[in-house]
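Right, one structure below, let's go through it.
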Amino acid sequence: MWQAIAEHINSELDIDFKVETKQQLSGGDINLAYHISDAKHDFFIKLNEKEQLEQFISEAMSLHCIEQRHAIRVPKVICYGQTLDKAFLVLEYLPFVDEHNAGWEALGLSMAKLHEDSGQAMYGFDWDSTLGRTSQPNKWQGSWSSFFSEQRLGWLLQLLQEQGFGFGKIDFLVEQCRQRLHHYEPVPSLVHGDFWRGNVGFMADEAIIFDPASYYGDREVDIAFSELFGRFPERFYQSYQSQYPLDKNYTERKSLYNLYHVLNHAYMFRGSYLLQAQDLVKHLFY
């Protein structure tokens with residue numbers, strides 16, 4: 001397997017790389033992760049079952065889109081492909097340092113720049129993405145209320161129902177969500193889509209984001225998720241606000257947007273997330 005991956009790297013970069021050392025890295029719930037090196041070149045490798053190649057292709061395309069905005073650094077995509085039994089994604093290896101104040105400030109400014117008007121008129125993406133292990137539909141729509149209620153909440157509610165976990169009548173909940181957002185049409189921003197502490201890193205005074213589940217949507221979905229599982233340090237929010245202030249009614253939508261991520265965690269991990277999702281549905285819609 002490692003020889004096959006090295007051959008893909010060599011073909012892409014026109015170098016003579018051989019895997020001399022490999023170190024398995026911790027922190028991933030979905031994929032296996034490795035740092036491989038030959039003392040001259042270092043790469044970050046993601047591995048999963050062969051059938052998961054589409055997930056890696058989607059991630060690579062999202063990273064390319066973020067990179068093209070020239071707002072914030074992401075790991076460069078080297079290549080992706082399949083071995084006999086595994087799918088892999090090869091990225092630039094970035095030696096992260098511990099989080100620090102300058103990094104959080106840089107992250108706030110850079111995310112604000114990423115979110116600034118990109119000239120996109122609709123919500124969605126040219127391809128479907130993956131949030132964790134969950135397929136994320138991104139069909140283009142002109143209405144944010146329809147996009148979020150149907151392709152975010154409605155989609156997860158349907159997946160959970162198919163697994164035997166119901167939270168009420170889906171049509172009713174989707175319509176309630178649509179009405180909550182009916183008169184709100186934000187500028188479509190390129191969002192990270194899975195913006196929490198685990199997908200942020202730092203090098204010196206530079207911030208890096210990775211593992212995106214990108215699409216064009218309301219930038220508030222990123223800021224809301226950053227507050228759900230371990231709120232970022234205040235320096236991030238102050239920095240973001242100084243560059244691109246949030247709408248005064250952001251807090252009214254925050255829990256609605258985070259319901260999508262709670263539902264996704266309930267779908268992937270079950271357990272207490274199912275109870276959290278049930279409580280949040282009741283709080284928002286009943």
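Identifiers in this document derive from the order of the structure tokens: chains are assigned A, B, ..., residues are numbered from 1 separately in each chain, and ligands are numbered from 1 in order of occurrence.
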Discussion item. When you look at His100 of chain A with a cut-off of 12 Å (counting only C-alpha atoms), what residues show up, excluding the ones that are within fewer than 2 positions of it in the same chain? I need them as a ChimeraX atom specification.
Written reply: /A:96-98,102-107,200-207,232-236
Put those residues in a file: N, CA and C atoms, as a JSON list (two decimals), in the first residue's frame.
```json
[["chain", "number", "residue", "atom", "x", "y", "z"],
["A", 96, "PHE", "N", 2.21, 21.75, 13.11],
["A", 96, "PHE", "CA", 1.47, 22.70, 13.93],
["A", 96, "PHE", "C", 2.15, 22.94, 15.28],
["A", 97, "VAL", "N", 1.90, 24.13, 15.82],
["A", 97, "VAL", "CA", 2.35, 24.48, 17.16],
["A", 97, "VAL", "C", 1.11, 24.63, 18.04],
["A", 98, "ASP", "N", 1.32, 24.81, 19.34],
["A", 98, "ASP", "CA", 0.20, 25.01, 20.25],
["A", 98, "ASP", "C", -0.54, 26.30, 19.90],
["A", 102, "ALA", "N", -2.04, 35.26, 18.97],
["A", 102, "ALA", "CA", -1.85, 35.83, 17.62],
["A", 102, "ALA", "C", -2.50, 34.95, 16.57],
["A", 103, "GLY", "N", -2.45, 33.65, 16.79],
["A", 103, "GLY", "CA", -3.07, 32.72, 15.84],
["A", 103, "GLY", "C", -4.58, 32.86, 15.80],
["A", 104, "TRP", "N", -5.21, 33.00, 16.99],
["A", 104, "TRP", "CA", -6.66, 33.17, 17.03],
["A", 104, "TRP", "C", -7.08, 34.48, 16.38],
["A", 105, "GLU", "N", -6.30, 35.52, 16.59],
["A", 105, "GLU", "CA", -6.61, 36.79, 15.93],
["A", 105, "GLU", "C", -6.49, 36.66, 14.42],
["A", 106, "ALA", "N", -5.44, 35.98, 13.97],
["A", 106, "ALA", "CA", -5.25, 35.77, 12.53],
["A", 106, "ALA", "C", -6.39, 34.94, 11.96],
["A", 107, "LEU", "N", -6.85, 33.95, 12.73],
["A", 107, "LEU", "CA", -7.96, 33.12, 12.26],
["A", 107, "LEU", "C", -9.22, 33.95, 12.08],
["A", 200, "VAL", "N", -8.82, 23.24, 13.09],
["A", 200, "VAL", "CA", -8.03, 24.47, 13.07],
["A", 200, "VAL", "C", -6.64, 24.16, 13.60],
["A", 201, "GLY", "N", -5.61, 24.73, 12.96],
["A", 201, "GLY", "CA", -4.24, 24.57, 13.44],
["A", 201, "GLY", "C", -3.48, 25.88, 13.30],
["A", 202, "PHE", "N", -2.30, 25.92, 13.90],
["A", 202, "PHE", "CA", -1.51, 27.14, 13.90],
["A", 202, "PHE", "C", -0.04, 26.84, 13.60],
["A", 203, "MET", "N", 0.58, 27.77, 12.86],
["A", 203, "MET", "CA", 2.02, 27.76, 12.61],
["A", 203, "MET", "C", 2.53, 29.18, 12.82],
["A", 204, "ALA", "N", 3.42, 29.36, 13.81],
["A", 204, "ALA", "CA", 3.87, 30.71, 14.16],
["A", 204, "ALA", "C", 2.64, 31.59, 14.38],
["A", 205, "ASP", "N", 2.50, 32.68, 13.61],
["A", 205, "ASP", "CA", 1.32, 33.54, 13.79],
["A", 205, "ASP", "C", 0.30, 33.33, 12.68],
["A", 206, "GLU", "N", 0.37, 32.18, 12.03],
["A", 206, "GLU", "CA", -0.52, 31.88, 10.91],
["A", 206, "GLU", "C", -1.55, 30.84, 11.33],
["A", 207, "ALA", "N", -2.80, 31.03, 10.89],
["A", 207, "ALA", "CA", -3.87, 30.08, 11.16],
["A", 207, "ALA", "C", -4.12, 29.23, 9.92],
["A", 232, "PHE", "N", -14.52, 29.07, 20.71],
["A", 232, "PHE", "CA", -13.18, 29.59, 20.47],
["A", 232, "PHE", "C", -12.87, 30.71, 21.47],
["A", 233, "PRO", "N", -11.59, 31.02, 21.66],
["A", 233, "PRO", "CA", -11.22, 32.16, 22.52],
["A", 233, "PRO", "C", -11.82, 33.47, 21.99],
["A", 234, "GLU", "N", -12.07, 34.40, 22.91],
["A", 234, "GLU", "CA", -12.73, 35.65, 22.55],
["A", 234, "GLU", "C", -11.95, 36.44, 21.50],
["A", 235, "ARG", "N", -10.62, 36.28, 21.46],
["A", 235, "ARG", "CA", -9.82, 37.01, 20.48],
["A", 235, "ARG", "C", -10.25, 36.68, 19.05],
["A", 236, "PHE", "N", -10.69, 35.45, 18.81],
["A", 236, "PHE", "CA", -11.16, 35.10, 17.47],
["A", 236, "PHE", "C", -12.38, 35.93, 17.09]]
```
Fill in: Residues flagged strand (DSSP E or B) by DSSP in segment 85-225 of chain A, as number ranges by chain
A: 86-92, 97, 123-124, 129-131, 134-136, 141, 189-191, 200-203, 206-209, 215-217
Show me a table, sorted first by chain and then by increasing residue number, of the residues of segment 173-200 of chain A having an atom at most 12 Å from segment 245-267 of chain A, each with its shortest atom pair and the distance in Å to one decimal, counting only C-alpha atoms and written as JSON lines.
```
{"residue": "A:Leu173", "atom": "CA", "partner": "A:Leu256", "partner_atom": "CA", "distance": 11.4}
{"residue": "A:Val174", "atom": "CA", "partner": "A:Leu256", "partner_atom": "CA", "distance": 11.5}
{"residue": "A:Gln176", "atom": "CA", "partner": "A:Leu256", "partner_atom": "CA", "distance": 10.7}
{"residue": "A:Cys177", "atom": "CA", "partner": "A:Leu256", "partner_atom": "CA", "distance": 7.8}
{"residue": "A:Arg178", "atom": "CA", "partner": "A:Leu256", "partner_atom": "CA", "distance": 10.8}
{"residue": "A:Gln179", "atom": "CA", "partner": "A:Leu256", "partner_atom": "CA", "distance": 11.8}
{"residue": "A:Arg180", "atom": "CA", "partner": "A:Arg253", "partner_atom": "CA", "distance": 8.3}
{"residue": "A:Leu181", "atom": "CA", "partner": "A:Arg253", "partner_atom": "CA", "distance": 8.2}
{"residue": "A:His182", "atom": "CA", "partner": "A:Arg253", "partner_atom": "CA", "distance": 11.9}
{"residue": "A:Tyr184", "atom": "CA", "partner": "A:Asn249", "partner_atom": "CA", "distance": 10.2}
{"residue": "A:Glu185", "atom": "CA", "partner": "A:Asp247", "partner_atom": "CA", "distance": 11.6}
{"residue": "A:Pro186", "atom": "CA", "partner": "A:Asp247", "partner_atom": "CA", "distance": 9.4}
{"residue": "A:Val187", "atom": "CA", "partner": "A:Asp247", "partner_atom": "CA", "distance": 11.3}
{"residue": "A:Gly193", "atom": "CA", "partner": "A:His261", "partner_atom": "CA", "distance": 9.8}
{"residue": "A:Asp194", "atom": "CA", "partner": "A:His261", "partner_atom": "CA", "distance": 8.6}
{"residue": "A:Phe195", "atom": "CA", "partner": "A:His261", "partner_atom": "CA", "distance": 10.5}
{"residue": "A:Trp196", "atom": "CA", "partner": "A:His261", "partner_atom": "CA", "distance": 10.8}
```
Restrict the selected residues to all heavy atoms and save them as a compact mmCIF listing (two decimals), in the first residue's frame.
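Output (result-v3.txt):
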```
# COMPACT_ATOMS: atom_id res chain seq x y z
N LEU A 173 -41.40 20.01 10.54
CA LEU A 173 -40.16 20.60 11.03
C LEU A 173 -39.45 21.40 9.94
O LEU A 173 -38.92 22.49 10.20
CB LEU A 173 -39.25 19.51 11.57
CG LEU A 173 -39.78 18.76 12.80
CD1 LEU A 173 -38.87 17.59 13.13
CD2 LEU A 173 -39.92 19.70 13.99
N VAL A 174 -39.46 20.88 8.72
CA VAL A 174 -38.84 21.60 7.61
C VAL A 174 -39.57 22.92 7.36
O VAL A 174 -38.93 23.96 7.14
CB VAL A 174 -38.84 20.72 6.33
CG1 VAL A 174 -38.49 21.56 5.09
CG2 VAL A 174 -37.86 19.57 6.47
N GLN A 176 -41.33 24.64 9.54
CA GLN A 176 -41.06 25.53 10.65
C GLN A 176 -39.70 26.21 10.47
O GLN A 176 -39.55 27.42 10.72
CB GLN A 176 -41.09 24.75 11.97
CG GLN A 176 -42.47 24.32 12.41
CD GLN A 176 -43.36 25.51 12.75
OE1 GLN A 176 -43.00 26.36 13.57
NE2 GLN A 176 -44.51 25.58 12.11
N CYS A 177 -38.73 25.45 10.05
CA CYS A 177 -37.40 26.00 9.79
C CYS A 177 -37.45 27.03 8.66
O CYS A 177 -36.86 28.11 8.77
CB CYS A 177 -36.42 24.87 9.44
SG CYS A 177 -34.75 25.44 9.03
N ARG A 178 -38.17 26.69 7.60
CA ARG A 178 -38.28 27.61 6.47
C ARG A 178 -38.91 28.94 6.90
O ARG A 178 -38.45 30.00 6.50
CB ARG A 178 -39.13 26.96 5.36
CG ARG A 178 -39.07 27.72 4.03
CD ARG A 178 -40.18 27.27 3.09
NE ARG A 178 -40.38 25.85 3.11
CZ ARG A 178 -39.70 24.98 2.37
NH1 ARG A 178 -38.75 25.43 1.56
NH2 ARG A 178 -39.97 23.69 2.43
N GLN A 179 -39.91 28.87 7.73
CA GLN A 179 -40.58 30.09 8.18
C GLN A 179 -39.66 30.92 9.08
O GLN A 179 -39.69 32.16 9.02
CB GLN A 179 -41.87 29.74 8.94
CG GLN A 179 -42.97 29.18 8.06
CD GLN A 179 -43.36 30.13 6.94
OE1 GLN A 179 -43.48 31.34 7.13
NE2 GLN A 179 -43.55 29.60 5.74
N ARG A 180 -38.82 30.25 9.86
CA ARG A 180 -37.88 30.99 10.73
C ARG A 180 -36.89 31.80 9.91
O ARG A 180 -36.41 32.84 10.35
CB ARG A 180 -37.12 29.99 11.61
CG ARG A 180 -37.93 29.33 12.71
CD ARG A 180 -38.11 30.24 13.92
NE ARG A 180 -36.86 30.52 14.59
CZ ARG A 180 -36.36 29.78 15.58
NH1 ARG A 180 -37.02 28.70 16.01
NH2 ARG A 180 -35.23 30.12 16.16
N LEU A 181 -36.58 31.33 8.71
CA LEU A 181 -35.58 31.99 7.87
C LEU A 181 -36.19 32.70 6.66
O LEU A 181 -35.47 33.22 5.82
CB LEU A 181 -34.57 30.94 7.36
CG LEU A 181 -33.73 30.23 8.42
CD1 LEU A 181 -32.93 29.09 7.78
CD2 LEU A 181 -32.80 31.20 9.13
N HIS A 182 -37.51 32.75 6.63
CA HIS A 182 -38.22 33.16 5.41
C HIS A 182 -37.81 34.53 4.90
O HIS A 182 -37.63 34.74 3.69
CB HIS A 182 -39.73 33.13 5.65
CG HIS A 182 -40.53 33.54 4.45
ND1 HIS A 182 -40.53 32.83 3.27
CD2 HIS A 182 -41.36 34.60 4.25
CE1 HIS A 182 -41.31 33.43 2.38
NE2 HIS A 182 -41.83 34.50 2.95
N TYR A 184 -35.04 36.15 5.54
CA TYR A 184 -33.59 36.35 5.71
C TYR A 184 -32.85 35.76 4.52
O TYR A 184 -32.87 34.55 4.31
CB TYR A 184 -33.14 35.69 7.01
CG TYR A 184 -31.65 35.77 7.28
CD1 TYR A 184 -31.01 37.00 7.44
CD2 TYR A 184 -30.88 34.61 7.37
CE1 TYR A 184 -29.65 37.07 7.70
CE2 TYR A 184 -29.52 34.67 7.62
CZ TYR A 184 -28.92 35.90 7.79
OH TYR A 184 -27.57 35.97 8.03
N GLU A 185 -32.22 36.60 3.72
CA GLU A 185 -31.47 36.14 2.55
C GLU A 185 -30.05 36.69 2.62
O GLU A 185 -29.76 37.76 2.08
CB GLU A 185 -32.17 36.57 1.25
CG GLU A 185 -33.52 35.91 1.01
CD GLU A 185 -33.42 34.39 0.85
OE1 GLU A 185 -32.36 33.90 0.40
OE2 GLU A 185 -34.40 33.70 1.18
N PRO A 186 -29.15 36.00 3.31
CA PRO A 186 -27.78 36.50 3.46
C PRO A 186 -27.00 36.40 2.16
O PRO A 186 -27.36 35.65 1.25
CB PRO A 186 -27.19 35.55 4.51
CG PRO A 186 -27.96 34.27 4.31
CD PRO A 186 -29.35 34.69 3.96
N VAL A 187 -25.92 37.15 2.09
CA VAL A 187 -25.01 37.03 0.96
C VAL A 187 -24.40 35.62 0.98
O VAL A 187 -23.90 35.18 2.03
CB VAL A 187 -23.88 38.08 1.06
CG1 VAL A 187 -22.82 37.84 -0.01
CG2 VAL A 187 -24.46 39.48 0.95
N GLY A 193 -17.83 24.85 6.71
CA GLY A 193 -18.86 23.84 6.83
C GLY A 193 -18.71 22.89 8.00
O GLY A 193 -19.68 22.24 8.40
N ASP A 194 -17.49 22.79 8.55
CA ASP A 194 -17.25 21.90 9.71
C ASP A 194 -16.25 22.60 10.62
O ASP A 194 -15.21 22.05 11.00
CB ASP A 194 -16.70 20.56 9.22
CG ASP A 194 -16.75 19.47 10.28
OD1 ASP A 194 -17.32 19.72 11.37
OD2 ASP A 194 -16.22 18.37 10.04
N PHE A 195 -16.61 23.82 10.99
CA PHE A 195 -15.67 24.76 11.61
C PHE A 195 -15.69 24.64 13.13
O PHE A 195 -16.42 25.35 13.82
CB PHE A 195 -16.01 26.18 11.16
CG PHE A 195 -15.00 27.23 11.53
CD1 PHE A 195 -13.68 27.10 11.16
CD2 PHE A 195 -15.39 28.35 12.25
CE1 PHE A 195 -12.74 28.08 11.51
CE2 PHE A 195 -14.47 29.34 12.59
CZ PHE A 195 -13.14 29.18 12.22
N TRP A 196 -14.87 23.74 13.66
CA TRP A 196 -14.71 23.59 15.10
C TRP A 196 -13.22 23.47 15.40
O TRP A 196 -12.39 23.43 14.50
CB TRP A 196 -15.50 22.39 15.61
CG TRP A 196 -14.99 21.05 15.17
CD1 TRP A 196 -15.01 20.52 13.91
CD2 TRP A 196 -14.35 20.06 16.00
NE1 TRP A 196 -14.43 19.27 13.90
CE2 TRP A 196 -14.02 18.95 15.17
CE3 TRP A 196 -14.05 20.01 17.36
CZ2 TRP A 196 -13.39 17.82 15.65
CZ3 TRP A 196 -13.42 18.86 17.84
CH2 TRP A 196 -13.11 17.79 17.00
```
Discussion item. As a list in words, please: the residues near Asp16 of chain A (cut-off 10 Å, only C-alpha atoms, same-chain neighbours under 4 positions excluded).
Written reply: Ala6, Glu7, Ile9, Asn10, Ser11, Asp38 and His41 of chain A
Could you list, as a PDB file with N, CA, C and O atoms, in the first residue's frame, every residue within 8 Å of segment 128-143 of chain A, counting only C-alpha atoms and ignoring same-chain residues fewer than 3 positions away?
```pdb
ATOM      1  N   ILE A  30     -12.873   9.575  11.930  1.00  0.00           N
ATOM      2  CA  ILE A  30     -13.402   9.000  10.698  1.00  0.00           C
ATOM      3  C   ILE A  30     -12.325   8.249   9.913  1.00  0.00           C
ATOM      4  O   ILE A  30     -12.550   7.141   9.424  1.00  0.00           O
ATOM      5  N   GLN A  55     -15.322  10.673  -0.765  1.00  0.00           N
ATOM      6  CA  GLN A  55     -15.173  11.583   0.369  1.00  0.00           C
ATOM      7  C   GLN A  55     -13.883  12.375   0.242  1.00  0.00           C
ATOM      8  O   GLN A  55     -13.862  13.589   0.470  1.00  0.00           O
ATOM      9  N   SER A  58     -14.064  14.927  -2.665  1.00  0.00           N
ATOM     10  CA  SER A  58     -14.847  16.085  -2.248  1.00  0.00           C
ATOM     11  C   SER A  58     -14.036  17.004  -1.344  1.00  0.00           C
ATOM     12  O   SER A  58     -14.054  18.237  -1.502  1.00  0.00           O
ATOM     13  N   GLU A  59     -13.293  16.412  -0.405  1.00  0.00           N
ATOM     14  CA  GLU A  59     -12.460  17.221   0.492  1.00  0.00           C
ATOM     15  C   GLU A  59     -11.383  17.964  -0.287  1.00  0.00           C
ATOM     16  O   GLU A  59     -11.134  19.153  -0.041  1.00  0.00           O
ATOM     17  N   ALA A 121     -24.294  34.044  -6.501  1.00  0.00           N
ATOM     18  CA  ALA A 121     -25.679  34.495  -6.360  1.00  0.00           C
ATOM     19  C   ALA A 121     -26.598  33.458  -5.726  1.00  0.00           C
ATOM     20  O   ALA A 121     -27.715  33.787  -5.326  1.00  0.00           O
ATOM     21  N   MET A 122     -26.149  32.195  -5.622  1.00  0.00           N
ATOM     22  CA  MET A 122     -27.013  31.138  -5.122  1.00  0.00           C
ATOM     23  C   MET A 122     -26.329  30.381  -3.984  1.00  0.00           C
ATOM     24  O   MET A 122     -25.144  30.579  -3.697  1.00  0.00           O
ATOM     25  N   TYR A 123     -27.104  29.498  -3.365  1.00  0.00           N
ATOM     26  CA  TYR A 123     -26.621  28.693  -2.253  1.00  0.00           C
ATOM     27  C   TYR A 123     -26.470  27.245  -2.716  1.00  0.00           C
ATOM     28  O   TYR A 123     -27.360  26.691  -3.363  1.00  0.00           O
ATOM     29  N   GLY A 124     -25.330  26.637  -2.363  1.00  0.00           N
ATOM     30  CA  GLY A 124     -25.071  25.263  -2.767  1.00  0.00           C
ATOM     31  C   GLY A 124     -23.617  25.111  -3.186  1.00  0.00           C
ATOM     32  O   GLY A 124     -22.738  25.861  -2.765  1.00  0.00           O
ATOM     33  N   PHE A 125     -23.373  24.130  -4.042  1.00  0.00           N
ATOM     34  CA  PHE A 125     -22.024  23.864  -4.517  1.00  0.00           C
ATOM     35  C   PHE A 125     -22.133  23.068  -5.811  1.00  0.00           C
ATOM     36  O   PHE A 125     -23.175  22.499  -6.126  1.00  0.00           O
ATOM     37  N   SER A 146     -35.054  27.855   1.921  1.00  0.00           N
ATOM     38  CA  SER A 146     -35.349  26.551   1.315  1.00  0.00           C
ATOM     39  C   SER A 146     -34.125  25.643   1.353  1.00  0.00           C
ATOM     40  O   SER A 146     -34.227  24.457   1.682  1.00  0.00           O
ATOM     41  N   PHE A 147     -32.959  26.200   1.030  1.00  0.00           N
ATOM     42  CA  PHE A 147     -31.744  25.385   1.029  1.00  0.00           C
ATOM     43  C   PHE A 147     -31.487  24.791   2.400  1.00  0.00           C
ATOM     44  O   PHE A 147     -31.281  23.580   2.537  1.00  0.00           O
ATOM     45  N   GLN A 151     -32.133  20.897   2.549  1.00  0.00           N
ATOM     46  CA  GLN A 151     -30.902  20.141   2.309  1.00  0.00           C
ATOM     47  C   GLN A 151     -30.019  19.993   3.545  1.00  0.00           C
ATOM     48  O   GLN A 151     -29.020  19.265   3.496  1.00  0.00           O
ATOM     49  N   ARG A 152     -30.384  20.670   4.613  1.00  0.00           N
ATOM     50  CA  ARG A 152     -29.645  20.500   5.852  1.00  0.00           C
ATOM     51  C   ARG A 152     -30.537  19.801   6.891  1.00  0.00           C
ATOM     52  O   ARG A 152     -30.376  18.625   7.144  1.00  0.00           O
ATOM     53  N   GLU A 185     -32.222  36.598   3.720  1.00  0.00           N
ATOM     54  CA  GLU A 185     -31.471  36.141   2.553  1.00  0.00           C
ATOM     55  C   GLU A 185     -30.050  36.692   2.618  1.00  0.00           C
ATOM     56  O   GLU A 185     -29.758  37.760   2.076  1.00  0.00           O
ATOM     57  N   GLY A 193     -17.827  24.849   6.712  1.00  0.00           N
ATOM     58  CA  GLY A 193     -18.864  23.843   6.833  1.00  0.00           C
ATOM     59  C   GLY A 193     -18.709  22.890   8.002  1.00  0.00           C
ATOM     60  O   GLY A 193     -19.677  22.240   8.399  1.00  0.00           O
ATOM     61  N   ASP A 194     -17.489  22.786   8.551  1.00  0.00           N
ATOM     62  CA  ASP A 194     -17.247  21.901   9.707  1.00  0.00           C
ATOM     63  C   ASP A 194     -16.247  22.603  10.623  1.00  0.00           C
ATOM     64  O   ASP A 194     -15.210  22.055  11.002  1.00  0.00           O
ATOM     65  N   ALA A 213     -16.114  20.914   4.772  1.00  0.00           N
ATOM     66  CA  ALA A 213     -17.323  20.354   4.147  1.00  0.00           C
ATOM     67  C   ALA A 213     -18.018  21.535   3.481  1.00  0.00           C
ATOM     68  O   ALA A 213     -19.129  21.918   3.829  1.00  0.00           O
ATOM     69  N   SER A 214     -17.349  22.127   2.519  1.00  0.00           N
ATOM     70  CA  SER A 214     -17.688  23.463   2.029  1.00  0.00           C
ATOM     71  C   SER A 214     -18.923  23.513   1.138  1.00  0.00           C
ATOM     72  O   SER A 214     -19.317  22.523   0.519  1.00  0.00           O
ATOM     73  N   TYR A 215     -19.484  24.710   1.086  1.00  0.00           N
ATOM     74  CA  TYR A 215     -20.561  25.078   0.162  1.00  0.00           C
ATOM     75  C   TYR A 215     -20.751  26.577   0.288  1.00  0.00           C
ATOM     76  O   TYR A 215     -20.119  27.225   1.135  1.00  0.00           O
ATOM     77  N   ASN A 264     -26.403  15.651  13.029  1.00  0.00           N
ATOM     78  CA  ASN A 264     -25.377  14.851  12.365  1.00  0.00           C
ATOM     79  C   ASN A 264     -24.596  14.003  13.370  1.00  0.00           C
ATOM     80  O   ASN A 264     -24.276  12.845  13.104  1.00  0.00           O
ATOM     81  N   MET A 268     -24.334   9.932  13.452  1.00  0.00           N
ATOM     82  CA  MET A 268     -23.063   9.203  13.394  1.00  0.00           C
ATOM     83  C   MET A 268     -22.746   8.453  14.683  1.00  0.00           C
ATOM     84  O   MET A 268     -22.224   7.337  14.643  1.00  0.00           O
TER      85      MET A 268
END
```
Worksheet item: Which one is closest to Gln68 of chain A: A:Leu94, A:Leu114, A:Ile15, A:Ala4? Count only C-alpha atoms.
Response: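 Of all the options, A:Leu114 lies closest to Gln68 of chain A.
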Discussion item. One decimal, in Å: what's the spacing between atom CA of Leu32 of chain A and atom CA of Pro95 of chain A?
Written reply: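 Answer for the atom CA of Leu32 of chain A to atom CA of Pro95 of chain A separation: 17.8 Å.
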Worksheet item: Which of segment 37-109 of chain A counts as alpha helix (DSSP H) under DSSP, as a PyMOL selection string please?
Response: chain A and resi 53-68+101-109
